[in-house]
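Notes to accompany the following structure.
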Amino acid sequence: MFEQILKWYEQIHGITYVALRYFNAAGASERYGESRRIETHLIPNLLKVPLGQKDVFQVFGDKYTTPDGTCIRDYIHIIDLASAHLAALTRTASAHYNLGTGEGFSVLQVIEVARKITGHPIPVKIMDPRPGDPPRLVAAANRIKMDLGWRPVFTKVSDIVQSAWDWHKKHPKGYAN
């Protein structure tokens with residue numbers, strides 16, 4: 001709906017825009033990581049187990065129509081999001097772009113990567129699926145690649161999880177410390 005409003009605003013006022021559709025933003029830079037009062041994202045919640053802040057990681061559903069039964073998502077590193085924003089500033093006409101790697105990873109694949117990176121077994125508890133969760137959400141980011149030459153640098157989920165783990169080890173209580 002908001003993209004439609006932007007289109008109307010362009011028609012009425014002549015102002016161009018670029019709408020960037022994020023897929024699952026994740027990872028961390030040296031200085032900035034994910035820290036919310038109520039955390040809903042998979043990777044920071046997953047890392048709470050090896051940090052000793054949770055005993056078990058909850059997986060919401062394991063009977064989806066995917067190879068391992070868990071949801072598949074496209075994770076995009078925050079550094080890649082920043083570079084996409086800079087590329088979007090060069091655009092002179094209105095556009096809509098999906099931001100992702102174009103590759104999806106299942107919840108169980110991300111858990112296995114986190115186990116290897118942290119060296120922690122990360123026990124899992126299978127929960128009922130959340131209403132409305134689709135089995136697979138992966139970005140088709142070809143348009144921004146063609147139009148602006150943007151390419152994600154962090155295409156491996158292991159690089160994304162490693163950067164998040166490095167930040168969370170230094171900041172186990174988020175920005176509070």
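Chain labels A, B, ... are given in the sequence in which chains occur in the structure tokens; within each chain residues are numbered consecutively from 1, and ligands are likewise numbered from 1 in the order shown.
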I want to know what sits within 10 Å of Ile76 in chain A, based on only C-alpha atoms, with residues of the same chain fewer than 4 positions away left out; could you give that as a ChimeraX atom specification? /A:22-27,80-81,99-103,139,152-157,160
Pick from A:Val59, A:Ile117, A:Ile38, A:Ile111 nearest to Trp165 in chain A, counting only C-alpha atoms: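 Residue with the minimum atom-to-atom distance to Trp165 in chain A: A:Ile117.
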Env of Met127 in chain A: 8 Å cut, atoms = only C-alpha atoms, seq-sep filter 6 positions within chain, self excluded. Answer as a list in words.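 Close residues of Met127 in chain A: Gln58, Val59, Phe60 and Gly61 of chain A.
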Convert the current residue selection to file output with N, CA and C atoms, as a PDB file, in the first residue's frame.
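The resulting file, again.pdb, is reproduced below:
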ATOM      1  N   GLN A  58      13.630 -22.171  19.923  1.00  0.00           N
ATOM      2  CA  GLN A  58      12.323 -22.637  19.440  1.00  0.00           C
ATOM      3  C   GLN A  58      12.244 -22.527  17.926  1.00  0.00           C
ATOM      4  N   VAL A  59      11.868 -23.648  17.298  1.00  0.00           N
ATOM      5  CA  VAL A  59      11.650 -23.701  15.855  1.00  0.00           C
ATOM      6  C   VAL A  59      10.147 -23.793  15.644  1.00  0.00           C
ATOM      7  N   PHE A  60       9.605 -22.838  14.916  1.00  0.00           N
ATOM      8  CA  PHE A  60       8.164 -22.777  14.706  1.00  0.00           C
ATOM      9  C   PHE A  60       7.776 -23.532  13.441  1.00  0.00           C
ATOM     10  N   GLY A  61       7.539 -24.817  13.619  1.00  0.00           N
ATOM     11  CA  GLY A  61       7.083 -25.679  12.533  1.00  0.00           C
ATOM     12  C   GLY A  61       8.203 -26.467  11.886  1.00  0.00           C
TER      13      GLY A  61
END
Closest to Ala164 in chain A among A:Thr16, A:Asn45, A:Ser94, A:Gln11, using only C-alpha atoms?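 Selected residue with least distance to Ala164 in chain A: A:Asn45.
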Would you kindly return, as a count of residues only, each protein, DNA or RNA residue with an atom no farther than 12 Å from any atom of Asp166 in chain A, considering only C-alpha atoms and excluding same-chain residues fewer than 2 positions away? 26
List every residue of range 51-166 of chain A that DSSP, applied to the backbone of this structure, places in alpha helix (DSSP H), and write the result as a ChimeraX atom specification. /A:78-88,107-118,142-148,157-166
For the selection just defined, write its residues with N, CA and C atoms to a file, as a short mmCIF file (atom, residue, chain, number, x, y, z; two decimals), in the first residue's frame.
data_model
loop_
_atom_site.label_atom_id
_atom_site.label_comp_id
_atom_site.auth_asym_id
_atom_site.auth_seq_id
_atom_site.Cartn_x
_atom_site.Cartn_y
_atom_site.Cartn_z
N ILE A 78 23.58 -6.62 6.79
CA ILE A 78 23.31 -5.18 6.94
C ILE A 78 24.29 -4.31 6.16
N ILE A 79 25.52 -4.77 5.97
CA ILE A 79 26.49 -4.03 5.16
C ILE A 79 26.02 -4.00 3.70
N ASP A 80 25.47 -5.11 3.23
CA ASP A 80 24.93 -5.14 1.86
C ASP A 80 23.70 -4.23 1.74
N LEU A 81 22.90 -4.16 2.79
CA LEU A 81 21.76 -3.23 2.76
C LEU A 81 22.25 -1.79 2.65
N ALA A 82 23.28 -1.47 3.40
CA ALA A 82 23.83 -0.11 3.35
C ALA A 82 24.34 0.21 1.95
N SER A 83 25.03 -0.73 1.32
CA SER A 83 25.55 -0.46 -0.03
C SER A 83 24.40 -0.34 -1.04
N ALA A 84 23.30 -1.06 -0.82
CA ALA A 84 22.13 -0.93 -1.70
C ALA A 84 21.50 0.45 -1.56
N HIS A 85 21.49 0.98 -0.33
CA HIS A 85 20.97 2.33 -0.12
C HIS A 85 21.82 3.36 -0.86
N LEU A 86 23.12 3.20 -0.79
CA LEU A 86 24.01 4.13 -1.51
C LEU A 86 23.79 4.03 -3.02
N ALA A 87 23.64 2.81 -3.53
CA ALA A 87 23.37 2.62 -4.96
C ALA A 87 22.04 3.25 -5.35
N ALA A 88 21.03 3.13 -4.48
CA ALA A 88 19.70 3.69 -4.77
C ALA A 88 19.75 5.21 -4.89
N VAL A 107 15.59 -22.89 8.40
CA VAL A 107 15.85 -22.64 9.83
C VAL A 107 16.86 -23.66 10.35
N LEU A 108 16.69 -24.93 9.99
CA LEU A 108 17.63 -25.95 10.47
C LEU A 108 19.03 -25.76 9.90
N GLN A 109 19.14 -25.27 8.66
CA GLN A 109 20.46 -24.98 8.10
C GLN A 109 21.14 -23.85 8.88
N VAL A 110 20.39 -22.82 9.21
CA VAL A 110 20.97 -21.70 9.97
C VAL A 110 21.39 -22.18 11.36
N ILE A 111 20.59 -23.03 11.98
CA ILE A 111 20.95 -23.58 13.30
C ILE A 111 22.26 -24.37 13.21
N GLU A 112 22.39 -25.19 12.18
CA GLU A 112 23.60 -25.98 12.03
C GLU A 112 24.82 -25.09 11.82
N VAL A 113 24.68 -24.05 11.04
CA VAL A 113 25.78 -23.08 10.85
C VAL A 113 26.14 -22.44 12.19
N ALA A 114 25.15 -22.03 12.96
CA ALA A 114 25.40 -21.40 14.27
C ALA A 114 26.08 -22.38 15.23
N ARG A 115 25.72 -23.63 15.17
CA ARG A 115 26.38 -24.64 16.02
C ARG A 115 27.86 -24.72 15.69
N LYS A 116 28.19 -24.74 14.41
CA LYS A 116 29.60 -24.84 13.99
C LYS A 116 30.37 -23.59 14.39
N ILE A 117 29.78 -22.43 14.17
CA ILE A 117 30.48 -21.17 14.46
C ILE A 117 30.68 -20.96 15.95
N THR A 118 29.66 -21.25 16.75
CA THR A 118 29.74 -20.99 18.20
C THR A 118 30.37 -22.14 18.98
N ASN A 142 17.34 -9.47 -9.14
CA ASN A 142 18.00 -9.24 -10.43
C ASN A 142 17.85 -7.80 -10.92
N ARG A 143 16.74 -7.17 -10.63
CA ARG A 143 16.48 -5.83 -11.16
C ARG A 143 17.50 -4.80 -10.64
N ILE A 144 17.77 -4.80 -9.33
CA ILE A 144 18.75 -3.84 -8.79
C ILE A 144 20.15 -4.16 -9.30
N LYS A 145 20.42 -5.42 -9.53
CA LYS A 145 21.73 -5.81 -10.08
C LYS A 145 21.89 -5.25 -11.49
N MET A 146 20.84 -5.38 -12.30
CA MET A 146 20.90 -4.89 -13.68
C MET A 146 20.89 -3.36 -13.73
N ASP A 147 19.98 -2.73 -12.98
CA ASP A 147 19.82 -1.28 -13.05
C ASP A 147 20.96 -0.51 -12.41
N LEU A 148 21.43 -0.96 -11.26
CA LEU A 148 22.39 -0.18 -10.48
C LEU A 148 23.74 -0.87 -10.28
N VAL A 157 25.44 -17.68 4.35
CA VAL A 157 24.79 -17.49 5.66
C VAL A 157 25.83 -17.64 6.78
N SER A 158 26.89 -18.39 6.54
CA SER A 158 27.93 -18.54 7.56
C SER A 158 28.63 -17.20 7.83
N ASP A 159 28.83 -16.39 6.80
CA ASP A 159 29.45 -15.07 7.01
C ASP A 159 28.52 -14.15 7.81
N ILE A 160 27.23 -14.25 7.53
CA ILE A 160 26.25 -13.43 8.24
C ILE A 160 26.19 -13.83 9.71
N VAL A 161 26.10 -15.14 9.97
CA VAL A 161 26.04 -15.63 11.35
C VAL A 161 27.34 -15.32 12.08
N GLN A 162 28.48 -15.48 11.41
CA GLN A 162 29.77 -15.19 12.05
C GLN A 162 29.86 -13.74 12.48
N SER A 163 29.42 -12.82 11.62
CA SER A 163 29.49 -11.40 11.98
C SER A 163 28.57 -11.09 13.16
N ALA A 164 27.39 -11.71 13.16
CA ALA A 164 26.46 -11.51 14.29
C ALA A 164 27.05 -12.10 15.57
N TRP A 165 27.64 -13.27 15.49
CA TRP A 165 28.23 -13.92 16.66
C TRP A 165 29.38 -13.06 17.21
N ASP A 166 30.23 -12.55 16.34
CA ASP A 166 31.34 -11.71 16.78
C ASP A 166 30.82 -10.50 17.54
#
So what do you get for CA of Ile122 in chain A versus CA of Arg73 in chain A, distance-wise? 19.9 Å
Please report the interatomic distance between CA of Asp68 in chain A and CA of Lys54 in chain A in Å with one decimal. 24.1 Å
Which residue of A:Ile12, A:Leu46, A:Ala95, A:Ile72 approaches Asp133 in chain A most closely, using only C-alpha atoms: A:Ile72
Go through A:Tyr75, A:Gly174, A:Val56, A:Pro121 and flag the residue nearest Glu39 in chain A, using only C-alpha atoms for the distances.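 Using only C-alpha atoms, Glu39 in chain A sits closest to A:Gly174.
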Would you work out the distance separating CA of Ile43 in chain A from CA of Lys173 in chain A, expressed in Å to one decimal?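 Result for CA of Ile43 in chain A versus CA of Lys173 in chain A: 15.1 Å, one decimal.
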Sel. of strand (DSSP E or B) residues, range 20-151 of chain A, as an MDAnalysis selection string: chainID A and resid 20:22 24:26 57:60 72:73 75:77 95:99 105:106 124:127 136:137
Nearest residue to Gly52 in chain A from the set A:Lys125, A:Arg136, A:His120, A:Arg151 (distances using only C-alpha atoms):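 Checking each candidate against Gly52 in chain A, we get A:His120 as the closest.
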